[in-house]
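The structure file query-v1.txt is reproduced below (compact mmCIF, C-alpha atoms).
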# COMPACT_ATOMS: atom_id res chain seq x y z
CA MET A 1 0.00 0.00 0.00
CA LYS A 2 1.31 3.42 -0.93
CA LYS A 3 2.29 5.48 2.11
CA SER A 4 0.76 8.85 2.92
CA SER A 5 3.00 11.76 2.00
CA ILE A 6 1.29 14.35 4.23
CA SER A 7 3.78 16.63 5.94
CA ARG A 8 3.36 17.58 9.58
CA ARG A 9 4.87 21.05 9.19
CA ASN A 10 1.53 22.79 9.43
CA PHE A 11 -0.17 20.28 11.68
CA LEU A 12 -0.02 22.00 15.06
CA ASN A 13 -1.91 25.22 15.44
CA LYS A 14 0.72 27.89 16.01
CA ALA A 15 -1.68 29.91 18.12
CA ALA A 16 -1.60 27.18 20.76
CA THR A 17 2.03 27.81 21.64
CA VAL A 18 2.52 31.51 20.88
CA GLY A 19 3.72 33.66 23.75
CA ALA A 20 6.49 34.46 26.15
CA ALA A 21 8.83 31.97 27.79
CA GLY A 22 6.04 30.79 30.01
CA ILE A 23 5.37 30.23 33.67
CA VAL A 24 6.80 27.47 35.87
CA VAL A 25 4.43 25.39 37.97
CA PRO A 26 4.79 22.21 40.04
CA SER A 27 3.76 18.95 38.43
CA ILE A 28 2.97 15.62 40.04
CA LEU A 29 4.51 13.09 37.67
CA SER A 30 4.55 9.87 39.67
CA GLY A 31 4.04 9.01 43.30
CA CYS A 32 5.44 11.80 45.44
CA ALA A 33 7.93 13.01 42.86
CA ARG A 34 7.58 16.69 42.00
CA THR A 35 9.29 18.44 39.11
CA LYS A 36 8.95 21.82 37.43
CA ILE A 37 7.38 22.21 34.00
CA LYS A 38 7.29 25.31 31.85
CA ILE A 39 3.88 26.31 30.50
CA PRO A 40 3.80 28.67 27.50
CA THR A 41 1.77 31.83 27.94
CA VAL A 42 -0.57 33.07 25.22
CA SER A 43 -1.35 36.71 24.50
CA TRP A 44 -5.01 36.95 23.54
CA LEU A 45 -6.67 39.89 21.84
CA ASP A 46 -10.21 40.83 22.83
CA GLU A 47 -10.55 42.83 19.62
CA ALA A 48 -8.78 42.63 16.28
CA PRO A 49 -6.24 45.39 15.59
CA ASP A 50 -7.64 48.32 13.63
CA GLY A 51 -6.64 48.96 10.05
CA PRO A 52 -7.95 49.68 6.55
CA VAL A 53 -11.44 48.44 5.74
CA LEU A 54 -11.66 44.69 5.12
CA LYS A 55 -14.52 43.67 2.86
CA ALA A 56 -15.91 40.16 3.16
CA GLY A 57 -18.30 38.16 1.00
CA VAL A 58 -20.48 35.41 2.40
CA ILE A 59 -20.96 32.22 0.36
CA GLY A 60 -23.74 30.20 1.95
CA CYS A 61 -26.26 32.44 3.72
CA GLY A 62 -28.05 29.97 6.00
CA GLY A 63 -27.88 30.02 9.77
CA ARG A 64 -24.16 29.30 10.03
CA GLY A 65 -23.18 31.67 7.24
CA THR A 66 -25.23 34.47 8.78
CA GLY A 67 -23.79 33.68 12.21
CA ALA A 68 -20.23 33.70 10.88
CA ALA A 69 -20.85 37.04 9.17
CA ILE A 70 -22.05 38.55 12.45
CA ASN A 71 -19.08 37.03 14.29
CA PHE A 72 -16.78 38.65 11.71
CA LEU A 73 -18.41 42.07 12.19
CA SER A 74 -18.13 41.68 15.98
CA ALA A 75 -14.37 41.04 15.84
CA GLY A 76 -13.16 44.62 15.38
CA LYS A 77 -13.39 47.93 13.54
CA ASN A 78 -13.55 48.76 9.81
CA LEU A 79 -15.09 45.43 8.84
CA GLN A 80 -17.81 45.16 6.20
CA ILE A 81 -19.92 42.50 4.54
CA THR A 82 -20.30 43.61 0.92
CA ALA A 83 -21.53 40.57 -1.05
CA LEU A 84 -23.77 37.56 -0.51
CA GLY A 85 -24.16 34.33 -2.46
CA ASP A 86 -26.45 31.33 -2.05
CA THR A 87 -28.27 28.74 -4.12
CA PHE A 88 -31.61 30.16 -2.94
CA LYS A 89 -32.79 33.76 -2.89
CA ASP A 90 -34.81 33.43 0.33
CA ARG A 91 -31.66 32.52 2.26
CA ILE A 92 -29.97 35.67 0.98
CA GLU A 93 -32.95 37.81 1.96
CA SER A 94 -32.97 36.35 5.47
CA CYS A 95 -29.26 37.04 5.81
CA ARG A 96 -29.71 40.62 4.54
CA VAL A 97 -32.29 41.29 7.25
CA SER A 98 -29.93 40.05 9.98
CA LEU A 99 -27.00 42.05 8.61
CA LYS A 100 -29.08 45.22 8.30
CA GLU A 101 -29.58 45.05 12.06
CA LYS A 102 -25.78 45.20 12.31
CA GLY A 103 -25.59 48.28 10.07
CA GLN A 104 -24.72 46.43 6.87
CA GLU A 105 -26.80 47.27 3.79
CA ILE A 106 -26.17 44.79 0.96
CA PRO A 107 -27.49 46.15 -2.37
CA ASP A 108 -29.33 43.93 -4.84
CA GLU A 109 -26.47 43.99 -7.33
CA MET A 110 -24.16 42.43 -4.72
CA CYS A 111 -26.48 39.48 -4.03
CA PHE A 112 -25.90 36.44 -6.24
CA VAL A 113 -28.15 33.39 -6.58
CA GLY A 114 -27.39 29.98 -8.07
CA PHE A 115 -24.75 27.27 -8.15
CA ASP A 116 -22.27 29.76 -9.63
CA ALA A 117 -22.92 32.42 -6.98
CA PHE A 118 -19.59 31.65 -5.30
CA GLN A 119 -17.68 32.76 -8.39
CA LYS A 120 -19.54 36.08 -8.48
CA VAL A 121 -18.94 36.78 -4.79
CA ILE A 122 -15.22 36.03 -5.16
CA ALA A 123 -15.03 38.38 -8.16
CA SER A 124 -16.99 41.19 -6.47
CA GLY A 125 -14.03 43.06 -5.02
CA VAL A 126 -13.92 41.44 -1.58
CA ASP A 127 -10.73 40.95 0.43
CA LEU A 128 -11.84 37.69 2.00
CA VAL A 129 -14.64 35.16 1.78
CA ILE A 130 -16.67 33.35 4.42
CA LEU A 131 -17.48 29.84 3.20
CA ALA A 132 -20.53 28.31 4.89
CA THR A 133 -22.35 26.24 2.26
CA PRO A 134 -23.05 22.53 2.85
CA PRO A 135 -19.60 20.90 3.14
CA PHE A 136 -19.84 19.05 -0.19
CA PHE A 137 -19.18 22.34 -2.00
CA ARG A 138 -16.23 23.42 0.18
CA PRO A 139 -13.33 21.95 -1.87
CA GLU A 140 -14.38 23.73 -5.08
CA HIS A 141 -15.09 27.00 -3.28
CA LEU A 142 -11.78 26.88 -1.40
CA ALA A 143 -9.83 26.23 -4.59
CA ALA A 144 -11.56 29.15 -6.35
CA ALA A 145 -10.99 31.55 -3.45
CA VAL A 146 -7.30 30.70 -3.16
CA ALA A 147 -6.81 30.91 -6.93
CA ALA A 148 -8.24 34.44 -6.71
CA ARG A 149 -5.84 35.22 -3.83
CA LYS A 150 -8.56 35.80 -1.24
CA HIS A 151 -8.16 35.24 2.47
CA VAL A 152 -10.67 32.71 3.82
CA PHE A 153 -12.79 31.81 6.79
CA ALA A 154 -14.04 28.30 6.01
CA GLU A 155 -16.57 26.53 8.16
CA LYS A 156 -15.88 22.96 9.16
CA PRO A 157 -15.90 20.30 7.84
CA VAL A 158 -14.07 21.07 4.63
CA CYS A 159 -15.19 18.10 2.51
CA VAL A 160 -17.25 14.89 2.62
CA ASP A 161 -15.07 12.30 0.83
CA PRO A 162 -11.41 11.31 0.28
CA VAL A 163 -11.19 13.02 -3.13
CA GLY A 164 -12.40 16.25 -1.57
CA ALA A 165 -10.00 15.92 1.37
CA ARG A 166 -6.99 15.57 -0.90
CA SER A 167 -8.17 18.54 -2.97
CA VAL A 168 -8.36 20.67 0.18
CA MET A 169 -4.89 19.53 1.29
CA ALA A 170 -3.52 20.67 -2.07
CA THR A 171 -5.36 23.99 -1.77
CA ALA A 172 -3.86 24.46 1.71
CA LEU A 173 -0.37 24.15 0.27
CA LYS A 174 -1.21 26.61 -2.53
CA ALA A 175 -2.55 29.12 0.01
CA GLN A 176 0.63 28.70 2.03
CA GLU A 177 2.73 29.53 -1.05
CA LEU A 178 0.63 32.64 -1.70
CA GLY A 179 0.82 33.84 1.90
CA LEU A 180 -2.95 33.77 2.38
CA VAL A 181 -4.57 33.59 5.80
CA ILE A 182 -7.09 30.78 6.30
CA VAL A 183 -8.96 30.15 9.54
CA THR A 184 -11.46 27.32 9.80
CA GLY A 185 -14.47 26.71 12.02
CA THR A 186 -12.74 24.33 14.44
CA GLN A 187 -13.07 27.03 17.06
CA ARG A 188 -11.72 24.98 19.97
CA ARG A 189 -8.24 25.85 18.70
CA HIS A 190 -9.21 29.49 19.36
CA GLN A 191 -10.93 28.79 22.68
CA ARG A 192 -8.90 30.05 25.60
CA ASP A 193 -9.53 27.24 28.06
CA TYR A 194 -8.80 24.57 25.43
CA VAL A 195 -5.56 26.27 24.39
CA ASP A 196 -4.42 26.53 28.00
CA ALA A 197 -5.21 22.84 28.53
CA PHE A 198 -3.31 21.96 25.35
CA ASN A 199 -0.27 23.84 26.63
CA GLN A 200 -0.49 22.04 29.98
CA VAL A 201 -0.57 18.67 28.24
CA LYS A 202 2.13 19.64 25.75
CA ALA A 203 4.38 20.63 28.65
CA GLY A 204 4.01 17.18 30.20
CA ARG A 205 1.43 17.75 32.92
CA ILE A 206 -0.19 14.33 32.28
CA GLY A 207 2.92 12.57 30.99
CA SER A 208 2.93 10.96 27.57
CA ILE A 209 -0.51 10.47 26.02
CA THR A 210 -1.65 6.84 26.21
CA GLY A 211 -5.20 7.13 24.81
CA GLY A 212 -8.51 8.82 25.40
CA ASN A 213 -12.15 9.36 24.53
CA VAL A 214 -14.01 11.88 22.39
CA TRP A 215 -17.78 12.31 22.47
CA TRP A 216 -20.53 14.25 20.74
CA ASN A 217 -23.67 12.61 22.03
CA GLY A 218 -26.64 14.94 21.69
CA GLY A 219 -30.11 15.27 20.34
CA LYS A 220 -31.48 15.37 16.81
CA LEU A 221 -30.57 18.47 14.85
CA TRP A 222 -33.32 19.31 12.35
CA HIS A 223 -34.83 18.09 9.12
CA ARG A 224 -36.92 19.50 6.30
CA ASP A 225 -39.89 17.52 5.00
CA ASN A 226 -40.15 17.51 1.23
CA ASN A 227 -42.19 20.27 -0.34
CA PRO A 228 -44.11 19.43 -3.56
CA GLU A 229 -42.94 22.75 -5.00
CA TRP A 230 -39.29 21.78 -4.61
CA SER A 231 -37.23 19.65 -6.96
CA GLU A 232 -35.32 16.75 -5.42
CA MET A 233 -32.09 18.77 -5.59
CA GLU A 234 -33.66 21.72 -3.78
CA TRP A 235 -35.08 19.48 -1.06
CA MET A 236 -31.73 17.77 -0.53
CA ILE A 237 -29.83 21.04 -0.24
CA ARG A 238 -32.43 22.53 2.11
CA ASN A 239 -32.29 19.27 4.10
CA TRP A 240 -28.51 18.95 3.69
CA VAL A 241 -27.64 17.96 7.24
CA ASN A 242 -29.40 14.61 6.69
CA TRP A 243 -27.70 13.58 3.41
CA CYS A 244 -24.24 12.03 3.43
CA TRP A 245 -23.16 13.51 0.10
CA LEU A 246 -23.85 17.02 1.36
CA SER A 247 -22.78 16.80 5.01
CA GLY A 248 -20.50 13.76 5.28
CA ASP A 249 -22.82 12.32 7.97
CA HIS A 250 -22.71 13.73 11.49
CA ILE A 251 -19.48 11.94 12.40
CA VAL A 252 -17.90 14.31 9.87
CA GLU A 253 -20.19 17.35 10.01
CA GLN A 254 -20.46 17.70 13.80
CA HIS A 255 -18.12 15.22 15.51
CA VAL A 256 -15.18 16.67 13.55
CA HIS A 257 -14.81 19.16 16.43
CA ASN A 258 -13.93 16.38 18.88
CA LEU A 259 -11.84 14.46 16.35
CA ASP A 260 -9.91 17.66 15.68
CA VAL A 261 -9.18 18.01 19.41
CA MET A 262 -7.96 14.40 19.44
CA ASN A 263 -5.60 15.02 16.51
CA TRP A 264 -4.49 18.39 17.89
CA PHE A 265 -3.45 16.97 21.25
CA MET A 266 -1.87 13.91 19.65
CA GLY A 267 -0.03 16.01 17.05
CA THR A 268 -0.90 13.56 14.30
CA HIS A 269 -3.77 11.51 12.88
CA PRO A 270 -4.87 7.88 13.49
CA VAL A 271 -3.57 5.23 11.13
CA LYS A 272 -6.71 3.08 11.11
CA ALA A 273 -10.28 2.80 12.37
CA VAL A 274 -12.72 0.01 13.21
CA GLY A 275 -16.25 1.14 13.85
CA MET A 276 -19.94 0.51 13.91
CA GLY A 277 -23.08 2.54 13.65
CA SER A 278 -26.75 2.35 12.81
CA ARG A 279 -29.91 4.28 12.08
CA LEU A 280 -32.59 4.13 14.75
CA ARG A 281 -34.55 7.39 14.72
CA ARG A 282 -33.62 9.54 11.74
CA VAL A 283 -36.65 10.36 9.57
CA THR A 284 -35.10 11.71 6.35
CA GLY A 285 -31.91 11.31 4.36
CA ASP A 286 -29.50 8.39 4.17
CA GLN A 287 -27.33 8.80 7.26
CA TYR A 288 -26.77 6.93 10.50
CA ASP A 289 -27.74 8.55 13.78
CA ASN A 290 -25.04 6.89 15.93
CA PHE A 291 -21.40 5.84 15.56
CA SER A 292 -18.83 4.12 17.77
CA ILE A 293 -15.27 4.06 16.44
CA ASP A 294 -11.98 2.71 17.75
CA PHE A 295 -9.22 4.89 16.29
CA THR A 296 -5.67 3.53 16.45
CA PHE A 297 -2.62 5.78 16.31
CA GLU A 298 0.98 4.73 15.84
CA ASN A 299 2.51 2.93 18.85
CA ASP A 300 -0.88 1.25 19.38
CA ILE A 301 -2.46 4.26 21.11
CA HIS A 302 -6.25 4.00 21.01
CA PHE A 303 -8.95 6.66 21.21
CA HIS A 304 -12.62 5.75 21.44
CA SER A 305 -14.95 8.01 19.49
CA MET A 306 -18.70 8.07 20.10
CA CYS A 307 -21.32 10.32 18.55
CA ARG A 308 -25.11 10.22 18.51
CA GLN A 309 -27.98 12.45 17.38
CA ILE A 310 -31.03 10.98 19.12
CA ASN A 311 -33.43 12.80 21.45
CA GLY A 312 -34.06 11.48 24.94
CA CYS A 313 -30.63 9.88 25.43
CA ALA A 314 -27.66 10.69 27.67
CA SER A 315 -25.79 13.72 26.34
CA ASN A 316 -22.05 14.31 26.44
CA VAL A 317 -19.99 16.70 24.32
CA SER A 318 -16.44 16.53 25.62
CA GLU A 319 -13.00 14.95 25.36
CA ARG A 320 -10.74 13.11 27.79
CA ILE A 321 -7.02 12.91 27.08
CA GLN A 322 -5.42 10.10 29.09
CA GLY A 323 -1.75 10.31 29.96
CA ALA A 324 0.72 8.12 31.81
CA THR A 325 0.42 10.23 34.97
CA GLY A 326 -2.99 11.87 34.70
CA ALA A 327 -5.85 12.90 32.45
CA ALA A 328 -7.08 16.16 30.94
CA HIS A 329 -10.87 16.53 31.13
CA LEU A 330 -12.20 18.90 28.47
CA GLU A 331 -15.80 19.33 29.52
CA LYS A 332 -18.11 22.18 30.57
CA GLU A 333 -15.15 23.20 32.69
CA ILE A 334 -11.59 22.15 31.94
CA TYR A 335 -9.28 20.54 34.48
CA ILE A 336 -6.57 17.92 34.97
CA LYS A 337 -6.45 15.10 37.53
CA ASP A 338 -3.60 12.78 38.44
CA LEU A 339 -4.00 9.00 38.47
CA ALA A 340 -5.22 9.08 42.07
CA GLY A 341 -8.09 11.36 41.07
CA THR A 342 -6.64 14.49 42.68
CA GLU A 343 -7.20 17.68 40.75
CA ILE A 344 -3.83 19.25 39.89
CA TRP A 345 -4.92 22.03 37.51
CA ARG A 346 -8.10 23.85 36.54
CA TYR A 347 -8.62 26.66 34.05
CA THR A 348 -9.44 29.94 35.78
CA TYR A 349 -12.51 31.52 34.18
CA PRO A 350 -13.42 35.22 34.39
CA LEU A 351 -15.82 36.19 37.16
CA ASP A 352 -19.50 36.84 36.57
CA GLU A 353 -21.61 39.55 38.21
CA ALA A 354 -21.88 37.44 41.36
CA GLY A 355 -18.12 37.09 41.60
CA LYS A 356 -18.08 33.43 40.54
CA PRO A 357 -15.93 31.93 37.76
CA SER A 358 -18.03 31.58 34.62
CA ARG A 359 -17.18 30.02 31.28
CA GLY A 360 -19.83 32.27 29.76
CA LYS A 361 -17.66 35.30 30.57
CA MET A 362 -14.76 33.96 28.51
CA LYS A 363 -14.33 35.51 25.07
CA ASP A 364 -16.70 33.79 22.64
CA PRO A 365 -14.51 31.42 20.55
CA TYR A 366 -16.79 31.99 17.53
CA VAL A 367 -15.71 35.64 17.66
CA GLN A 368 -12.15 34.88 18.76
CA GLU A 369 -11.45 32.91 15.58
CA HIS A 370 -12.39 35.98 13.52
CA ILE A 371 -10.28 38.23 15.76
CA ASP A 372 -7.35 35.93 15.02
CA LEU A 373 -8.17 35.86 11.30
CA ILE A 374 -8.17 39.66 11.08
CA LYS A 375 -5.08 39.97 13.27
CA TYR A 376 -3.04 37.81 10.91
CA ILE A 377 -4.36 39.56 7.79
CA ARG A 378 -3.67 43.07 9.09
CA SER A 379 -0.26 42.18 10.56
CA GLY A 380 0.88 40.42 7.41
CA GLN A 381 1.68 37.26 9.36
CA GLN A 382 1.21 33.87 7.78
CA PHE A 383 -1.44 31.63 9.32
CA ASN A 384 -3.14 28.69 7.64
CA GLU A 385 -5.00 25.97 9.53
CA LEU A 386 -6.70 24.45 6.49
CA GLU A 387 -4.46 21.39 6.42
CA ASN A 388 -5.31 20.70 10.08
CA THR A 389 -9.00 20.68 9.32
CA ALA A 390 -8.64 18.62 6.14
CA ILE A 391 -6.81 15.94 8.14
CA SER A 392 -9.41 15.98 10.92
CA THR A 393 -12.19 15.79 8.34
CA MET A 394 -10.48 12.82 6.69
CA THR A 395 -10.30 11.19 10.13
CA GLY A 396 -14.09 11.43 10.39
CA ILE A 397 -14.48 10.07 6.85
CA MET A 398 -12.26 7.10 7.74
CA GLY A 399 -14.44 6.34 10.77
CA ARG A 400 -17.65 6.71 8.76
CA ILE A 401 -16.50 4.34 6.03
CA SER A 402 -15.45 1.75 8.62
CA ALA A 403 -18.89 1.93 10.25
CA TYR A 404 -20.73 1.81 6.92
CA THR A 405 -18.76 -1.24 5.74
CA GLY A 406 -17.99 -2.94 9.04
CA LYS A 407 -14.38 -3.29 7.98
CA GLU A 408 -11.09 -1.97 9.27
CA THR A 409 -10.25 1.15 7.30
CA THR A 410 -6.75 2.62 7.10
CA TRP A 411 -5.39 6.10 6.53
CA ASP A 412 -3.40 4.90 3.53
CA GLU A 413 -6.59 3.54 1.96
CA MET A 414 -8.23 6.92 2.44
CA MET A 415 -5.29 8.74 0.87
CA ASN A 416 -5.51 6.47 -2.17
CA SER A 417 -9.31 6.18 -2.42
CA ASP A 418 -11.15 7.47 -5.49
CA LEU A 419 -14.45 7.76 -3.56
CA LYS A 420 -16.28 10.95 -4.52
CA LEU A 421 -19.84 11.52 -3.36
CA GLY A 422 -22.60 13.51 -5.01
CA PRO A 423 -24.07 13.91 -8.48
CA LYS A 424 -22.15 14.93 -11.58
CA VAL A 425 -24.81 17.39 -12.76
CA PHE A 426 -26.01 20.32 -10.67
CA GLU A 427 -29.42 21.61 -11.59
CA LEU A 428 -32.71 21.92 -9.76
CA GLY A 429 -34.13 18.57 -10.85
CA LYS A 430 -33.66 14.89 -10.01
CA VAL A 431 -30.47 13.89 -8.22
CA ASP A 432 -28.78 10.87 -9.73
CA ILE A 433 -27.06 9.26 -6.74
CA PRO A 434 -27.61 6.07 -4.69
CA LYS A 435 -30.01 6.76 -1.84
CA ASP A 436 -29.97 3.43 0.01
CA LEU A 437 -28.93 3.28 3.66
CA PRO A 438 -25.50 1.64 4.12
CA ILE A 439 -25.64 -1.74 5.91
CA ALA A 440 -22.42 -3.21 7.31
CA GLY A 441 -21.33 -6.82 7.00
CA GLU A 442 -23.14 -9.77 5.49
CA ALA A 443 -26.70 -10.84 6.18
CA TYR A 444 -27.13 -13.96 8.32
CA VAL A 445 -28.59 -16.84 6.37
CA PRO A 446 -29.73 -19.71 8.62
CA GLU A 447 -28.75 -23.21 7.62
CA THR A 448 -31.53 -25.31 6.19
CA LYS A 449 -32.02 -28.98 6.89
CA LYS A 450 -31.30 -31.31 4.07
Take the structure I supplied and represent it as structure tokens, if you would.
Amino acid sequence: MKKSSISRRNFLNKAATVGAAGIVVPSILSGCARTKIKIPTVSWLDEAPDGPVLKAGVIGCGGRGTGAAINFLSAGKNLQITALGDTFKDRIESCRVSLKEKGQEIPDEMCFVGFDAFQKVIASGVDLVILATPPFFRPEHLAAAVAARKHVFAEKPVCVDPVGARSVMATALKAQELGLVIVTGTQRRHQRDYVDAFNQVKAGRIGSITGGNVWWNGGKLWHRDNNPEWSEMEWMIRNWVNWCWLSGDHIVEQHVHNLDVMNWFMGTHPVKAVGMGSRLRRVTGDQYDNFSIDFTFENDIHFHSMCRQINGCASNVSERIQGATGAAHLEKEIYIKDLAGTEIWRYTYPLDEAGKPSRGKMKDPYVQEHIDLIKYIRSGQQFNELENTAISTMTGIMGRISAYTGKETTWDEMMNSDLKLGPKVFELGKVDIPKDLPIAGEAYVPETKK
């Protein structure tokens, strides 16, 4: 099997280790032994540095695209949204209403509708683009934006299949050569408590990583029932979060956050996956609603991944990083315990009005990622986390394919796979793709008596 040629030069998020020499704190490594470890300090900005006007265009004007546009406007001064693009006009109109409340008037001639709207937004004179369409379209849109030398905020995930992942990896390298800034929607890498925990672990607070768990167990998201006035293509796109070719299934579309944390803390990606999943409650589309994956890294380090979108079940959205001498718990609050269960570190949150530490008073990471984006653009510094997110997305794809097939799936197979989802023709009519639910393994056939 041909080996993966992915470099690791861009793998770790530079923002996680930026700062001064650091602070020295005691660390319990084993038994009663105590040593000193150096923790890097990070200088955070609460607002992006001021500068000339930056004009952004939004491609994909649904809830996330509108939210990202507002996050961008909230990040600093002299920021404008000047162009909108979407497949459907009503989504643009809804976005325009929300942006008008933020003082942004988008004229009719800067609103573009259709499958080619992304090209018109990119060519409209913007400095950067916000990409928030269903993930299937992300590879093409990223390639077009980088070819036009535009800075990018790209929502996660960045593709839905191996062909798309490799395309995005190539685009990441091209953007690096051009000096473009790309920030993606894996906002935990811009979340202050997560970054502090990463630095604690990186400095050796829990010893070498030996394994862990990542979870996104929550309720059903949403679905759209078919409308007789819609074509099949329109229904699928409006109901995109339930179709694998558009979203990648929720192990890719949503659980990528946790898988990205796993890869970030490990500093690499798993080499294989064995998983299972099923469909119990979902009412539209062709996806599973639960997955359980065993990811194996080099040196036989295992992480268990679990994700579920079913109402009325136990919820858990968190990660646990297990080390030789302790574990980092990345939950509603973030802390580290040693092997005896004694807490040895906890992130210190800002105080609320009652004088109590509150995670809600921490800078919103959805805004922080745009602060960082603008900071790098205006300072002329190079920053590009697209490769990180492509690798984490491919990790989710590897887990999904293992669950769909019931077979062990390897990273090398993913890097050599020609699997590409979705139709070849894009028009508002019938969609020529398989729509059957994947079923793993072979059916049991009972023996018959002779």
Smallest atom-to-atom distance to Leu54 (chain A): which of A:Gly76, A:Pro365, A:Gly312, A:Pro40, using only C-alpha atoms?
A:Gly76
Which polymer residues have any atom within 9 Å of an atom of region 187-199 of chain A, counting all atoms listed in the file, with same-chain residues fewer than 5 positions away left out, as a ChimeraX atom specification?
/A:13,15-17,39-42,44,204-205,257-258,260-261,264-265,328-330,333-336,346-349,359,362-366,368-369,372
Any chance you could tabulate, as a Markdown table, the residues of region 392-438 of chain A at most 10 Å from region 108-128 of chain A with each one's nearest atom pair and distance in Å to one decimal, using all atoms listed in the file, in chain and rising number order?
| residue | atom | partner | partner_atom | distance |
| --- | --- | --- | --- | --- |
| A:Phe426 | CA | A:Phe115 | CA | 7.5 |
| A:Glu427 | CA | A:Phe115 | CA | 8.1 |
| A:Leu428 | CA | A:Phe115 | CA | 9.7 |
Keeping only C-alpha atoms, write the selected residues to a file as a PDB file, in the coordinates of the input.
ATOM      1  CA  PHE A 426     -26.010  20.320 -10.670  1.00  0.00           C
ATOM      2  CA  GLU A 427     -29.420  21.610 -11.590  1.00  0.00           C
ATOM      3  CA  LEU A 428     -32.710  21.920  -9.760  1.00  0.00           C
TER       4      LEU A 428
END
Pick the closest to Lys407 (chain A) from A:Lys356, A:Lys156, A:Lys272, A:Arg282: which is it, counting all atoms listed in the file?
A:Lys272
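Of the listed residues A:Ser231, A:Gln176, A:Asn290, A:Gln322, the one whose atoms come nearest to Gly211 (chain A) is A:Gln322, with distances taken using all atoms listed in the file.
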Pick from A:Arg138, A:His151, A:Arg308, A:Arg320, whichever lies nearest to Gly57 (chain A) using all atoms listed in the file:
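With all atoms listed in the file as the atom set, the closest residue is A:His151.
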Please indicate the distance in Å from CA of Val201 (chain A) to CA of Glu319 (chain A), rounded to one decimal place.
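Atom-to-atom, CA of Val201 (chain A) and CA of Glu319 (chain A) are spaced 13.3 Å apart.
Nearest to Asp418 (chain A) of all the residues A:Met169, A:Val163, A:Ala144, A:Ile70 is A:Val163, based on only C-alpha atoms.
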I need every residue sitting at most 12 Å from the point (-15.4, 43.9, 10.3) (coordinates as in the file, only C-alpha atoms considered), written as JSON, numbers by chain.
{"A": [47, 48, 49, 50, 51, 52, 53, 54, 55, 56, 57, 68, 69, 70, 71, 72, 73, 74, 75, 76, 77, 78, 79, 80, 81, 82, 99, 102, 103, 104, 127, 128, 367, 370, 371, 373, 374, 375, 378]}
Please, what distance in Å, to one decimal, runs between CA of Val158 (chain A) and CA of Trp235 (chain A)?
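CA of Trp235 (chain A) lies 21.8 Å from CA of Val158 (chain A).
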Restricting the calculation to all atoms listed in the file, which member of A:Val160, A:Ile209, A:Val214, A:Ala143 is positioned closest to Asn316 (chain A)?
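When distances to Asn316 (chain A) are compared using all atoms listed in the file, the smallest one comes from A:Val214.
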Leaving out Gly429 (chain A) and any residue of its chain fewer than 3 positions from it, which residues lie within 8 Å of it when counting all atoms listed in the file, given as a PyMOL selection string?
chain A and resi 231-234
What gap, in Å, lies between CA of Phe303 (chain A) and CA of Ser358 (chain A)?
29.7 Å
Taking 5 positions as the minimum chain separation for residues in the same chain, which residues sit within 7 Å of Cys307 (chain A) when counting only C-alpha atoms? Answer as a ChimeraX atom specification.
/A:215-217,251,255,290-292
Block slice region 189-210 of chain A, C-alpha atoms, emitted as a short mmCIF file (atom, residue, chain, number, x, y, z; two decimals), in the first residue's frame:
data_model
loop_
_atom_site.label_atom_id
_atom_site.label_comp_id
_atom_site.auth_asym_id
_atom_site.auth_seq_id
_atom_site.Cartn_x
_atom_site.Cartn_y
_atom_site.Cartn_z
CA ARG A 189 -8.24 25.85 18.70
CA HIS A 190 -9.21 29.49 19.36
CA GLN A 191 -10.93 28.79 22.68
CA ARG A 192 -8.90 30.05 25.60
CA ASP A 193 -9.53 27.24 28.06
CA TYR A 194 -8.80 24.57 25.43
CA VAL A 195 -5.56 26.27 24.39
CA ASP A 196 -4.42 26.53 28.00
CA ALA A 197 -5.21 22.84 28.53
CA PHE A 198 -3.31 21.96 25.35
CA ASN A 199 -0.27 23.84 26.63
CA GLN A 200 -0.49 22.04 29.98
CA VAL A 201 -0.57 18.67 28.24
CA LYS A 202 2.13 19.64 25.75
CA ALA A 203 4.38 20.63 28.65
CA GLY A 204 4.01 17.18 30.20
CA ARG A 205 1.43 17.75 32.92
CA ILE A 206 -0.19 14.33 32.28
CA GLY A 207 2.92 12.57 30.99
CA SER A 208 2.93 10.96 27.57
CA ILE A 209 -0.51 10.47 26.02
CA THR A 210 -1.65 6.84 26.21
#
